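Novice: My structure is in entry-v4.csv, and what it holds is CSV, C-alpha atoms:
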chain,number,residue,atom,x,y,z
A,30,MET,CA,32.4,-47.1,29.4
A,31,LYS,CA,30.5,-43.8,29.4
A,32,THR,CA,31.3,-43.4,33.1
A,33,LYS,CA,35.0,-43.7,32.4
A,34,LEU,CA,34.9,-41.2,29.6
A,35,SER,CA,33.0,-38.7,31.7
A,36,PHE,CA,35.6,-39.3,34.5
A,37,TYR,CA,38.5,-38.6,32.3
A,38,ALA,CA,36.8,-35.6,30.6
A,39,LEU,CA,36.1,-34.1,34.0
A,40,HIS,CA,39.7,-34.4,35.1
A,41,LEU,CA,40.9,-33.0,31.8
A,42,CYS,CA,38.8,-29.9,32.2
A,43,ILE,CA,39.9,-29.4,35.8
A,44,CYS,CA,43.5,-29.7,34.8
A,45,LEU,CA,43.3,-27.3,31.9
A,46,ALA,CA,41.4,-24.8,34.2
A,47,PHE,CA,44.1,-25.2,36.9
A,48,LEU,CA,46.9,-24.6,34.4
A,49,PHE,CA,45.6,-21.7,32.5
A,50,LEU,CA,43.3,-19.7,34.7
A,51,PRO,CA,45.8,-18.6,37.4
A,52,TYR,CA,48.3,-16.8,35.2
A,53,ALA,CA,45.9,-16.0,32.4
A,54,PHE,CA,44.6,-13.2,34.6
A,55,THR,CA,48.0,-11.8,35.3
A,56,SER,CA,49.6,-12.1,31.8
A,57,ALA,CA,48.1,-8.9,30.6
A,58,LYS,CA,45.9,-6.1,31.7
A,59,THR,CA,42.8,-7.5,30.1
A,60,ILE,CA,41.0,-10.4,31.8
A,61,PHE,CA,40.6,-12.7,28.8
A,62,ALA,CA,44.1,-12.2,27.3
A,63,TRP,CA,45.8,-15.4,26.2
A,64,PRO,CA,49.1,-16.0,28.0
A,65,ASP,CA,52.2,-15.7,26.0
A,66,LEU,CA,54.1,-19.0,26.6
A,67,TYR,CA,56.5,-18.4,23.7
A,68,SER,CA,58.1,-15.1,24.5
A,69,ASN,CA,57.0,-14.3,28.1
A,70,VAL,CA,59.4,-16.0,30.5
A,71,HIS,CA,57.2,-15.2,33.5
A,72,ASP,CA,54.2,-17.0,31.9
A,73,ARG,CA,56.4,-20.0,31.2
A,74,ILE,CA,57.6,-20.1,34.8
A,75,TYR,CA,54.0,-20.0,36.0
A,76,PHE,CA,53.1,-22.8,33.6
A,77,PHE,CA,56.0,-25.0,34.7
A,78,ILE,CA,55.4,-24.5,38.4
A,79,TYR,CA,51.7,-25.1,38.2
A,80,PHE,CA,52.2,-28.1,36.0
A,81,SER,CA,54.6,-29.5,38.5
A,82,LEU,CA,52.1,-28.8,41.3
A,83,LEU,CA,49.4,-30.6,39.3
A,84,CYS,CA,51.6,-33.6,38.8
A,85,PHE,CA,52.3,-33.6,42.5
A,86,PHE,CA,48.6,-33.5,43.3
A,87,TYR,CA,48.0,-36.8,41.4
A,88,PHE,CA,51.3,-38.3,42.8
A,89,ASN,CA,50.1,-37.4,46.3
A,90,TYR,CA,46.6,-38.7,45.7
A,91,TYR,CA,47.5,-42.0,44.1
A,92,TYR,CA,50.8,-42.9,45.8
A,93,LEU,CA,51.7,-40.9,48.9
A,94,ILE,CA,48.3,-41.0,50.6
A,95,PRO,CA,47.6,-44.7,50.0
A,96,ARG,CA,51.2,-45.7,50.7
A,97,TYR,CA,51.9,-43.7,53.8
A,98,TYR,CA,48.8,-41.8,55.2
A,99,PHE,CA,46.5,-44.8,55.0
A,100,GLN,CA,49.2,-47.2,56.3
A,101,SER,CA,49.5,-45.5,59.7
A,102,LYS,CA,52.6,-43.6,58.6
A,103,GLN,CA,51.2,-40.1,59.1
A,104,LEU,CA,54.3,-38.6,60.6
A,105,LEU,CA,56.5,-39.7,57.7
A,106,TYR,CA,53.8,-38.5,55.3
A,107,PHE,CA,53.7,-35.0,56.7
A,108,ILE,CA,57.5,-34.8,56.8
A,109,MET,CA,57.6,-35.7,53.1
A,110,ILE,CA,54.9,-33.0,52.4
A,111,ALA,CA,57.0,-30.4,54.2
A,112,CYS,CA,60.1,-31.4,52.1
A,113,PHE,CA,58.2,-31.2,48.9
A,114,LEU,CA,56.9,-27.7,49.9
A,115,LEU,CA,60.5,-26.5,50.4
A,116,PHE,CA,61.5,-28.0,47.1
A,117,PHE,CA,58.7,-26.2,45.2
A,118,LEU,CA,59.6,-22.9,47.0
A,119,TRP,CA,63.2,-23.4,46.0
A,120,ILE,CA,62.5,-24.2,42.4
A,121,SER,CA,60.2,-21.2,42.0
A,122,GLY,CA,62.9,-18.9,43.4
A,123,PHE,CA,65.5,-20.6,41.3
A,124,LEU,CA,63.6,-20.0,38.1
A,125,ASP,CA,63.2,-16.3,38.8
A,126,HIS,CA,66.9,-15.6,38.0
A,127,PRO,CA,67.7,-15.3,34.3
A,128,ASP,CA,71.3,-16.4,34.7
A,129,HIS,CA,70.3,-19.9,35.6
A,130,ASN,CA,66.7,-20.2,34.4
A,131,PHE,CA,66.5,-23.0,31.8
A,132,LEU,CA,63.1,-21.7,30.8
A,133,ASP,CA,64.5,-18.3,29.7
A,134,PHE,CA,65.4,-18.7,26.0
A,135,ARG,CA,66.6,-15.1,25.5
A,136,ASN,CA,70.3,-14.5,24.7
A,137,HIS,CA,71.6,-12.3,27.5
A,138,PRO,CA,75.0,-10.8,26.7
A,139,LYS,CA,77.8,-11.6,29.1
A,140,PRO,CA,78.3,-8.1,30.2
A,141,PHE,CA,74.7,-8.2,31.5
A,142,LEU,CA,75.2,-11.4,33.3
A,143,ASN,CA,78.6,-10.4,34.7
A,144,HIS,CA,78.2,-6.6,35.2
A,145,PRO,CA,80.0,-5.0,38.1
A,146,GLU,CA,78.3,-4.6,41.3
A,147,PRO,CA,76.3,-1.3,41.4
A,148,PHE,CA,77.7,1.9,42.9
A,149,LYS,CA,81.3,0.7,42.8
A,150,ASP,CA,84.4,2.2,41.0
A,151,GLY,CA,83.2,5.7,41.6
A,152,MET,CA,79.7,5.2,40.3
A,153,LYS,CA,77.2,7.2,42.2
A,154,PRO,CA,73.5,6.4,42.6
A,155,PRO,CA,71.1,8.6,40.8
A,156,PRO,CA,69.4,11.3,42.8
A,157,ASN,CA,66.3,10.2,44.8
A,158,PHE,CA,67.2,6.5,44.1
A,159,ARG,CA,65.7,5.4,47.4
A,160,ASN,CA,62.4,7.2,46.7
A,161,MET,CA,61.9,5.9,43.2
A,162,PRO,CA,58.5,4.2,42.8
A,163,PRO,CA,58.5,0.4,42.2
A,164,GLY,CA,58.5,-0.5,38.6
A,165,PRO,CA,60.4,-2.6,36.1
A,166,ILE,CA,63.7,-1.7,37.9
A,167,SER,CA,62.5,-3.4,41.1
A,168,PHE,CA,61.5,-6.5,39.2
A,169,ASP,CA,64.9,-6.9,37.4
A,170,THR,CA,67.0,-6.2,40.5
A,171,MET,CA,65.1,-8.2,43.0
A,172,GLY,CA,64.8,-11.3,40.7
A,173,GLY,CA,61.0,-11.7,40.4
A,174,PRO,CA,57.6,-10.8,41.8
A,175,PRO,CA,57.7,-11.0,45.6
A,176,THR,CA,54.3,-12.7,45.8
A,177,GLN,CA,55.4,-15.8,43.7
A,178,TYR,CA,56.5,-17.7,46.8
A,179,GLY,CA,53.2,-17.0,48.4
A,180,HIS,CA,51.3,-18.2,45.4
A,181,THR,CA,53.3,-21.4,45.2
A,182,ALA,CA,52.8,-22.2,48.9
A,183,LEU,CA,49.1,-21.4,48.7
A,184,VAL,CA,48.4,-23.6,45.7
A,185,TYR,CA,50.6,-26.4,47.1
A,186,LEU,CA,48.8,-26.4,50.4
A,187,LEU,CA,45.4,-26.3,48.7
A,188,GLY,CA,46.4,-29.2,46.5
A,189,VAL,CA,47.5,-31.3,49.5
A,190,ILE,CA,44.4,-30.5,51.6
A,191,SER,CA,42.0,-31.2,48.7
A,192,SER,CA,43.8,-34.4,47.7
A,193,LEU,CA,43.5,-35.6,51.3
A,194,LEU,CA,39.8,-34.7,51.5
A,195,PHE,CA,39.1,-36.5,48.2
A,196,ALA,CA,41.1,-39.6,49.2
A,197,ILE,CA,39.4,-39.8,52.6
A,198,SER,CA,36.0,-39.3,51.1
A,199,GLY,CA,36.7,-42.0,48.4
A,200,ARG,CA,37.8,-44.4,51.1
A,201,LEU,CA,34.7,-43.9,53.1
A,202,GLN,CA,32.6,-44.4,50.0
A,203,ASN,CA,34.5,-47.7,49.3
A,204,VAL,CA,33.9,-48.8,52.8
A,205,GLU,CA,30.1,-48.1,52.4
A,206,LYS,CA,30.1,-50.0,49.1
A,207,GLU,CA,31.9,-53.0,50.6
A,208,LYS,CA,29.4,-52.9,53.5
A,209,MET,CA,26.5,-52.9,51.1
A,210,LYS,CA,27.9,-55.8,49.1
A,211,SER,CA,28.3,-57.8,52.3
A,212,GLU,CA,24.7,-57.1,53.2
A,213,LEU,CA,23.5,-58.0,49.8
A,214,ALA,CA,25.5,-61.2,49.8
A,215,PHE,CA,23.9,-62.1,53.2
A,216,LEU,CA,20.4,-61.3,51.9
A,217,LYS,CA,20.9,-63.4,48.8
A,218,ALA,CA,22.2,-66.3,50.8
A,219,GLN,CA,18.9,-66.2,52.7
A,220,ILE,CA,16.7,-65.8,49.6
A,221,ASN,CA,18.1,-68.6,47.5
A,222,PRO,CA,17.4,-71.5,50.0
A,223,HIS,CA,14.1,-69.8,50.6
A,224,PHE,CA,13.1,-70.3,47.0
A,225,LEU,CA,14.4,-73.8,46.9
A,226,PHE,CA,12.6,-75.0,49.9
A,227,ASN,CA,9.2,-73.5,48.8
A,228,THR,CA,9.5,-75.0,45.3
A,229,LEU,CA,10.6,-78.4,46.6
A,230,ASN,CA,7.5,-78.4,48.8
A,231,SER,CA,5.4,-77.8,45.7
A,232,ILE,CA,7.0,-80.7,43.8
A,233,TYR,CA,6.6,-82.9,46.9
A,234,ALA,CA,2.9,-82.1,47.0
A,235,LEU,CA,2.5,-83.2,43.4
A,236,ALA,CA,4.4,-86.4,44.0
A,237,LEU,CA,2.2,-87.3,47.0
A,238,LYS,CA,-0.8,-87.1,44.8
A,239,LYS,CA,1.0,-89.0,42.0
A,240,ASP,CA,0.0,-86.3,39.6
A,241,ASP,CA,1.0,-86.7,36.0
A,242,LYS,CA,2.2,-83.2,36.0
A,243,THR,CA,5.1,-84.0,38.3
A,244,PRO,CA,7.7,-84.5,35.5
A,245,ASP,CA,6.8,-81.1,34.0
A,246,ALA,CA,7.1,-79.6,37.4
A,247,VAL,CA,10.6,-81.1,37.8
A,248,ILE,CA,11.7,-79.6,34.5
A,249,GLN,CA,10.3,-76.2,35.5
A,250,LEU,CA,12.2,-76.5,38.8
A,251,SER,CA,15.4,-77.3,37.0
A,252,GLU,CA,15.0,-74.2,34.9
A,253,LEU,CA,14.4,-72.1,38.0
A,254,MET,CA,17.4,-73.6,39.8
A,255,ARG,CA,19.6,-73.1,36.7
A,256,TYR,CA,18.6,-69.4,36.7
A,257,ILE,CA,19.4,-69.0,40.4
A,258,ILE,CA,22.8,-70.8,40.2
A,259,THR,CA,23.9,-69.0,37.0
A,260,ASN,CA,22.5,-65.5,37.3
A,261,ALA,CA,21.4,-64.8,40.9
A,262,ASN,CA,24.9,-63.5,41.9
A,263,ASP,CA,25.1,-61.0,39.0
A,264,GLU,CA,24.6,-57.3,39.9
A,265,VAL,CA,22.2,-56.8,37.0
A,266,ILE,CA,20.7,-59.1,34.4
A,267,ASP,CA,18.7,-58.8,31.2
A,268,LEU,CA,15.1,-58.1,32.1
A,269,GLY,CA,13.9,-60.8,29.7
A,270,LYS,CA,15.6,-63.5,31.8
A,271,GLU,CA,14.0,-62.3,35.0
A,272,ILE,CA,10.6,-62.2,33.3
A,273,ASN,CA,11.1,-65.7,32.0
A,274,TYR,CA,12.0,-66.9,35.5
A,275,ILE,CA,8.8,-65.3,36.8
A,276,SER,CA,6.7,-67.0,34.1
A,277,ASN,CA,8.2,-70.4,34.9
A,278,PHE,CA,7.5,-69.9,38.6
A,279,ILE,CA,3.9,-69.0,38.0
A,280,SER,CA,3.5,-72.0,35.7
A,281,LEU,CA,4.9,-74.2,38.4
A,282,GLN,CA,2.5,-72.8,40.9
A,283,LYS,CA,-0.5,-73.4,38.5
A,284,THR,CA,0.7,-76.9,38.0
A,285,ARG,CA,0.8,-77.6,41.7
A,286,LEU,CA,-2.4,-75.8,42.7
A,287,GLY,CA,-4.6,-76.8,39.8
A,288,ASN,CA,-8.1,-75.4,39.9
A,289,THR,CA,-7.9,-74.4,43.6
A,290,VAL,CA,-6.7,-70.9,42.6
A,291,ASN,CA,-7.6,-68.4,39.9
A,292,VAL,CA,-4.4,-66.8,38.6
A,293,ASP,CA,-4.6,-63.7,36.4
A,294,TYR,CA,-1.1,-63.1,35.0
A,295,GLN,CA,-0.7,-60.3,32.4
A,296,LEU,CA,2.5,-59.0,30.9
A,297,LYS,CA,2.7,-55.8,28.8
A,298,GLY,CA,5.6,-54.2,27.1
A,299,THR,CA,8.9,-55.6,25.9
A,300,PRO,CA,11.9,-56.3,28.1
A,301,PHE,CA,14.4,-56.0,25.3
A,302,GLY,CA,17.4,-53.8,26.1
A,303,LYS,CA,16.5,-53.4,29.8
A,304,ALA,CA,18.3,-54.6,32.9
A,305,ILE,CA,17.3,-55.3,36.5
A,306,THR,CA,18.7,-56.8,39.6
A,307,PRO,CA,18.0,-60.6,39.7
A,308,LEU,CA,15.4,-61.9,42.1
A,309,ILE,CA,14.1,-58.4,43.0
A,310,LEU,CA,10.5,-59.0,41.9
A,311,ILE,CA,9.9,-62.7,42.6
A,312,SER,CA,9.4,-62.4,46.3
A,313,PHE,CA,6.3,-60.3,46.0
A,314,ILE,CA,4.8,-62.9,43.6
A,315,GLU,CA,5.9,-65.8,45.8
A,316,ASN,CA,4.4,-64.1,48.9
A,317,ALA,CA,1.0,-64.0,47.1
A,318,PHE,CA,1.0,-67.8,46.5
A,319,LYS,CA,2.3,-68.5,50.0
A,320,HIS,CA,-0.2,-66.4,51.9
A,321,GLY,CA,-3.1,-66.2,49.5
A,322,VAL,CA,-4.0,-69.8,48.7
A,323,ASN,CA,-6.3,-72.1,50.7
A,324,PRO,CA,-7.8,-75.2,49.1
A,325,ASP,CA,-10.9,-74.8,51.2
A,326,GLN,CA,-11.6,-71.3,49.9
A,327,THR,CA,-11.8,-69.5,46.6
A,328,SER,CA,-8.3,-68.1,46.1
A,329,GLU,CA,-7.6,-65.2,43.7
A,330,ILE,CA,-4.1,-63.9,42.7
A,331,CYS,CA,-3.6,-61.1,40.2
A,332,ILE,CA,-0.1,-60.4,38.7
A,333,TYR,CA,0.3,-57.4,36.3
A,334,ILE,CA,3.7,-56.5,34.9
A,335,ASP,CA,3.8,-53.3,32.7
A,336,ILE,CA,7.1,-52.5,31.1
A,337,HIS,CA,7.7,-48.9,29.9
A,338,GLU,CA,10.7,-47.3,28.3
A,339,LYS,CA,12.6,-46.6,31.6
A,340,GLU,CA,10.5,-48.2,34.3
A,341,LEU,CA,8.7,-51.3,35.3
A,342,ILE,CA,5.4,-51.4,37.2
A,343,LEU,CA,4.5,-54.5,39.1
A,344,MET,CA,1.1,-55.0,40.8
A,345,VAL,CA,0.5,-58.2,42.8
A,346,SER,CA,-2.7,-58.7,44.7
A,347,ASN,CA,-4.1,-61.7,46.5
A,348,LYS,CA,-7.3,-62.4,48.4
A,349,LYS,CA,-6.7,-63.1,52.0
A,350,THR,CA,-7.5,-66.5,53.3
A,351,PHE,CA,-7.8,-67.8,56.9
A,352,SER,CA,-4.4,-69.5,56.5
A,353,ILE,CA,-2.5,-66.2,55.9
A,354,GLN,CA,0.3,-65.6,58.3
A,355,SER,CA,0.9,-62.4,60.1
A,356,GLU,CA,4.6,-62.0,59.2
A,357,THR,CA,5.7,-61.1,55.7
A,358,GLY,CA,8.4,-63.8,55.5
A,359,ILE,CA,12.2,-63.8,55.0
A,360,GLY,CA,12.0,-63.5,51.2
A,361,LEU,CA,9.8,-60.5,51.1
A,362,GLN,CA,11.5,-58.6,53.9
A,363,ASN,CA,14.9,-59.2,52.3
A,364,THR,CA,13.6,-57.9,49.0
A,365,ILE,CA,12.4,-54.7,50.6
A,366,GLU,CA,15.9,-54.2,52.1
A,367,ARG,CA,17.6,-55.0,48.8
A,368,LEU,CA,15.4,-52.4,47.1
A,369,THR,CA,16.5,-49.8,49.7
A,370,LEU,CA,20.2,-50.6,49.1
A,371,LEU,CA,20.2,-51.1,45.3
A,372,TYR,CA,17.5,-48.6,44.2
A,373,PRO,CA,17.7,-45.6,46.4
A,374,ASN,CA,15.4,-42.9,44.9
A,375,LYS,CA,14.8,-45.2,42.0
A,376,HIS,CA,11.8,-47.1,43.1
A,377,GLN,CA,8.4,-46.6,44.7
A,378,LEU,CA,6.9,-49.3,46.8
A,379,LYS,CA,3.4,-49.2,48.2
A,380,ILE,CA,1.8,-52.0,50.1
A,381,GLU,CA,-1.9,-52.0,51.0
A,382,ASP,CA,-2.9,-54.5,53.7
A,383,THR,CA,-6.7,-54.4,54.0
A,384,HIS,CA,-9.1,-56.7,55.7
A,385,ASP,CA,-9.6,-58.9,52.7
A,386,LYS,CA,-6.8,-58.2,50.3
A,387,TYR,CA,-3.0,-57.7,50.2
A,388,ILE,CA,-1.8,-55.5,47.3
A,389,VAL,CA,1.7,-54.6,46.3
A,390,ASN,CA,2.5,-51.8,43.8
A,391,LEU,CA,6.1,-51.4,42.8
A,392,THR,CA,7.6,-49.0,40.3
A,393,ILE,CA,11.3,-49.5,39.6
A,394,GLU,CA,13.7,-48.1,37.0
A,395,VAL,CA,14.9,-50.6,34.5
A,396,GLY,CA,16.4,-48.4,31.8
Step by step, read the file and then write its structure as structure tokens.
Specialist:
Amino acid sequence: MKTKLSFYALHLCICLAFLFLPYAFTSAKTIFAWPDLYSNVHDRIYFFIYFSLLCFFYFNYYYLIPRYYFQSKQLLYFIMIACFLLFFLWISGFLDHPDHNFLDFRNHPKPFLNHPEPFKDGMKPPPNFRNMPPGPISFDTMGGPPTQYGHTALVYLLGVISSLLFAISGRLQNVEKEKMKSELAFLKAQINPHFLFNTLNSIYALALKKDDKTPDAVIQLSELMRYIITNANDEVIDLGKEINYISNFISLQKTRLGNTVNVDYQLKGTPFGKAITPLILISFIENAFKHGVNPDQTSEICIYIDIHEKELILMVSNKKTFSIQSETGIGLQNTIERLTLLYPNKHQLKIEDTHDKYIVNLTIEVG
């Protein structure tokens, strides 16, 4: 909602600046003089033309470019642009003549509108007429400022070029977003079965031992799968749900492993009112259980989650065992790629791979 309001506010400011600044500087000798739209016909003409050009900018951006330029009809598009340019040049010249200017509300007497042609019926031009300096007379007899056509053409062409640049840039950004969504969908498609297979292996190990904790493990698995099916495809989710998912996963691993591993799990801070991308933290925790547990050795896993006002700090460490694999695994690698795509410049990831320990430190924005 805030993004939409800021978008409309920005466009409103740009439109007001476009409408008032160009002729505000020419309406009087002072720079900050307010234009006289009520009694100054020239100011009204400028306002009408610039307002029409502004409307054409949005018409071109939202209709002509998507309908013709992006549909392989560039030739027809540029022909229409040329026709609109001729129309705006004609309308700006048409409005300069007071006899047919519907924006001129002054009552011109008929003799003025139908006066005889100059220098006929014995009338002689005043002396030095051709050498008279330009002034109000040249404005009235010529029908308007000679630079108005240039102003109209310049503003029109700038509007067409800028709208084309904005549209092409927006199209490229949309292509990038769609590409990123496809990549994320592919990564999630790999991660979800990865979680399922590992957790089913844990339940299978309990069932083989005919452990009394197997029913509890099945319930915990059902909660994990409900979370994945219901929330894994959301762009963001309440941080509390993600933390609850992590807690269930750790409880399931404790149930499966029993006393063969020492798990130190600490949670600080409150997740209330914060959001995060689902399944962005669990791979680091799962990696510790996958590569840091060996029944024949003393296994140690530390998991610290510290939630601050606008960021979350995750620290996961595990003691290396002889069964640790050299590769990081699909889940962890995909999570690193998702962090790069979803949290550019909004996270810091540091991995320490020493001789006897594997430590992950992640700081990510959750505000």
Novice: In file coordinates, which residues lie within 9 Å of (18.1, -58.7, 29.3) using all atoms listed in the file, given as a short mmCIF file (atom, residue, chain, number, x, y, z; two decimals) with C-alpha atoms, in the frame of the given file?
Specialist:
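Generated file (point-v3.cif):
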data_model
loop_
_atom_site.label_atom_id
_atom_site.label_comp_id
_atom_site.auth_asym_id
_atom_site.auth_seq_id
_atom_site.Cartn_x
_atom_site.Cartn_y
_atom_site.Cartn_z
CA VAL A 265 22.20 -56.80 37.00
CA ILE A 266 20.70 -59.10 34.40
CA ASP A 267 18.70 -58.80 31.20
CA LEU A 268 15.10 -58.10 32.10
CA GLY A 269 13.90 -60.80 29.70
CA LYS A 270 15.60 -63.50 31.80
CA GLU A 271 14.00 -62.30 35.00
CA PRO A 300 11.90 -56.30 28.10
CA PHE A 301 14.40 -56.00 25.30
CA GLY A 302 17.40 -53.80 26.10
CA LYS A 303 16.50 -53.40 29.80
CA ALA A 304 18.30 -54.60 32.90
CA ILE A 305 17.30 -55.30 36.50
#
Novice: Which one of A:Ser81, A:Thr228, A:Ser101, A:Asn89 sits closest to Ile120 (chain A) if you count all atoms listed in the file?
Specialist: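 Closest candidate: A:Ser81.
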Novice: Go ahead and compute the interatomic distance for CA of Met254 (chain A) and CA of Tyr387 (chain A), in Å to one decimal.
Specialist: 27.9 Å
Novice: Pick the closest to Asn316 (chain A) from A:His40, A:Arg73, A:Lys349, A:Arg255: which is it, counting only C-alpha atoms?
Specialist: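 For Asn316 (chain A), the nearest of the given residues is A:Lys349.
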Novice: Between CA of Ile110 (chain A) and CA of Tyr97 (chain A), what distance in Å does the model show, to one decimal?
Specialist: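 A separation of 11.2 Å between them.
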Novice: Which one is closest to Phe77 (chain A): A:Leu48, A:Leu104, A:Val322, A:Ala38? Count only C-alpha atoms.
Specialist: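 When distances to Phe77 (chain A) are compared using only C-alpha atoms, the smallest one comes from A:Leu48.
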Novice: By how many Å are CA of Asp263 (chain A) and CA of Leu378 (chain A) apart?
Specialist: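 For CA of Asp263 (chain A) relative to CA of Leu378 (chain A), the distance reads 23.0 Å.
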Novice: Find the residue from A:Ile94, A:Ile43, A:Ile309, A:Ile388 that sits nearest to Lys348 (chain A); use all atoms listed in the file when measuring.
Specialist: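 That would be A:Ile388, the residue with the smallest distance to Lys348 (chain A).
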Novice: For each of A:Leu114, A:Leu296, A:Leu183, A:Leu39, take the minimum atom-to-atom distance to Phe85 (chain A), counting all atoms listed in the file, then give the residue where this is smallest.
Specialist: A:Leu114
Novice: Using all atoms listed in the file, which residues sit within 9 Å of Ala182 (chain A) once same-chain residues fewer than 6 positions away are excluded, as a JSON list (two decimals) with C-alpha atoms, in the coordinates of the input?
Specialist:
[["chain", "number", "residue", "atom", "x", "y", "z"],
["A", 114, "LEU", "CA", 56.90, -27.70, 49.90],
["A", 115, "LEU", "CA", 60.50, -26.50, 50.40],
["A", 117, "PHE", "CA", 58.70, -26.20, 45.20],
["A", 118, "LEU", "CA", 59.60, -22.90, 47.00]]
Novice: Of the residues A:Asp245, A:Leu308, A:Ala196, A:Leu41, which is the one nearest to Ile258 (chain A), using only C-alpha atoms?
Specialist: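 Closest residue, counting only C-alpha atoms: A:Leu308.
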Novice: Write out as a list in words the residues lying within 12 Å of Ile342 (chain A), counting only C-alpha atoms and excluding same-chain residues fewer than 6 positions away.
Specialist: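 Near neighbours after the sequence-gap exclusion: Gln295, Leu296, Lys297, Gly298, Leu310, Ile332, Tyr333, Ile334, Asp335, Ile336, His376, Gln377, Leu378, Lys379, Val389, Asn390, Leu391, Thr392, Ile393, Glu394 and Val395 of chain A.
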Novice: Take the selection from the previous step and output its residues with C-alpha atoms, as an mmCIF file, in the frame of the given file.
Specialist:
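Saved the output as selection_18.cif:
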data_model
loop_
_atom_site.group_PDB
_atom_site.id
_atom_site.type_symbol
_atom_site.label_atom_id
_atom_site.label_comp_id
_atom_site.auth_asym_id
_atom_site.auth_seq_id
_atom_site.Cartn_x
_atom_site.Cartn_y
_atom_site.Cartn_z
ATOM 1 C CA GLN A 295 -0.700 -60.300 32.400
ATOM 2 C CA LEU A 296 2.500 -59.000 30.900
ATOM 3 C CA LYS A 297 2.700 -55.800 28.800
ATOM 4 C CA GLY A 298 5.600 -54.200 27.100
ATOM 5 C CA LEU A 310 10.500 -59.000 41.900
ATOM 6 C CA ILE A 332 -0.100 -60.400 38.700
ATOM 7 C CA TYR A 333 0.300 -57.400 36.300
ATOM 8 C CA ILE A 334 3.700 -56.500 34.900
ATOM 9 C CA ASP A 335 3.800 -53.300 32.700
ATOM 10 C CA ILE A 336 7.100 -52.500 31.100
ATOM 11 C CA HIS A 376 11.800 -47.100 43.100
ATOM 12 C CA GLN A 377 8.400 -46.600 44.700
ATOM 13 C CA LEU A 378 6.900 -49.300 46.800
ATOM 14 C CA LYS A 379 3.400 -49.200 48.200
ATOM 15 C CA VAL A 389 1.700 -54.600 46.300
ATOM 16 C CA ASN A 390 2.500 -51.800 43.800
ATOM 17 C CA LEU A 391 6.100 -51.400 42.800
ATOM 18 C CA THR A 392 7.600 -49.000 40.300
ATOM 19 C CA ILE A 393 11.300 -49.500 39.600
ATOM 20 C CA GLU A 394 13.700 -48.100 37.000
ATOM 21 C CA VAL A 395 14.900 -50.600 34.500
#
Novice: Find the residues near Tyr79 (chain A): any atom within 8 Å, counting only C-alpha atoms, skip ones fewer than 4 places away on the same chain, and give them as a count of residues only.
Specialist: 4
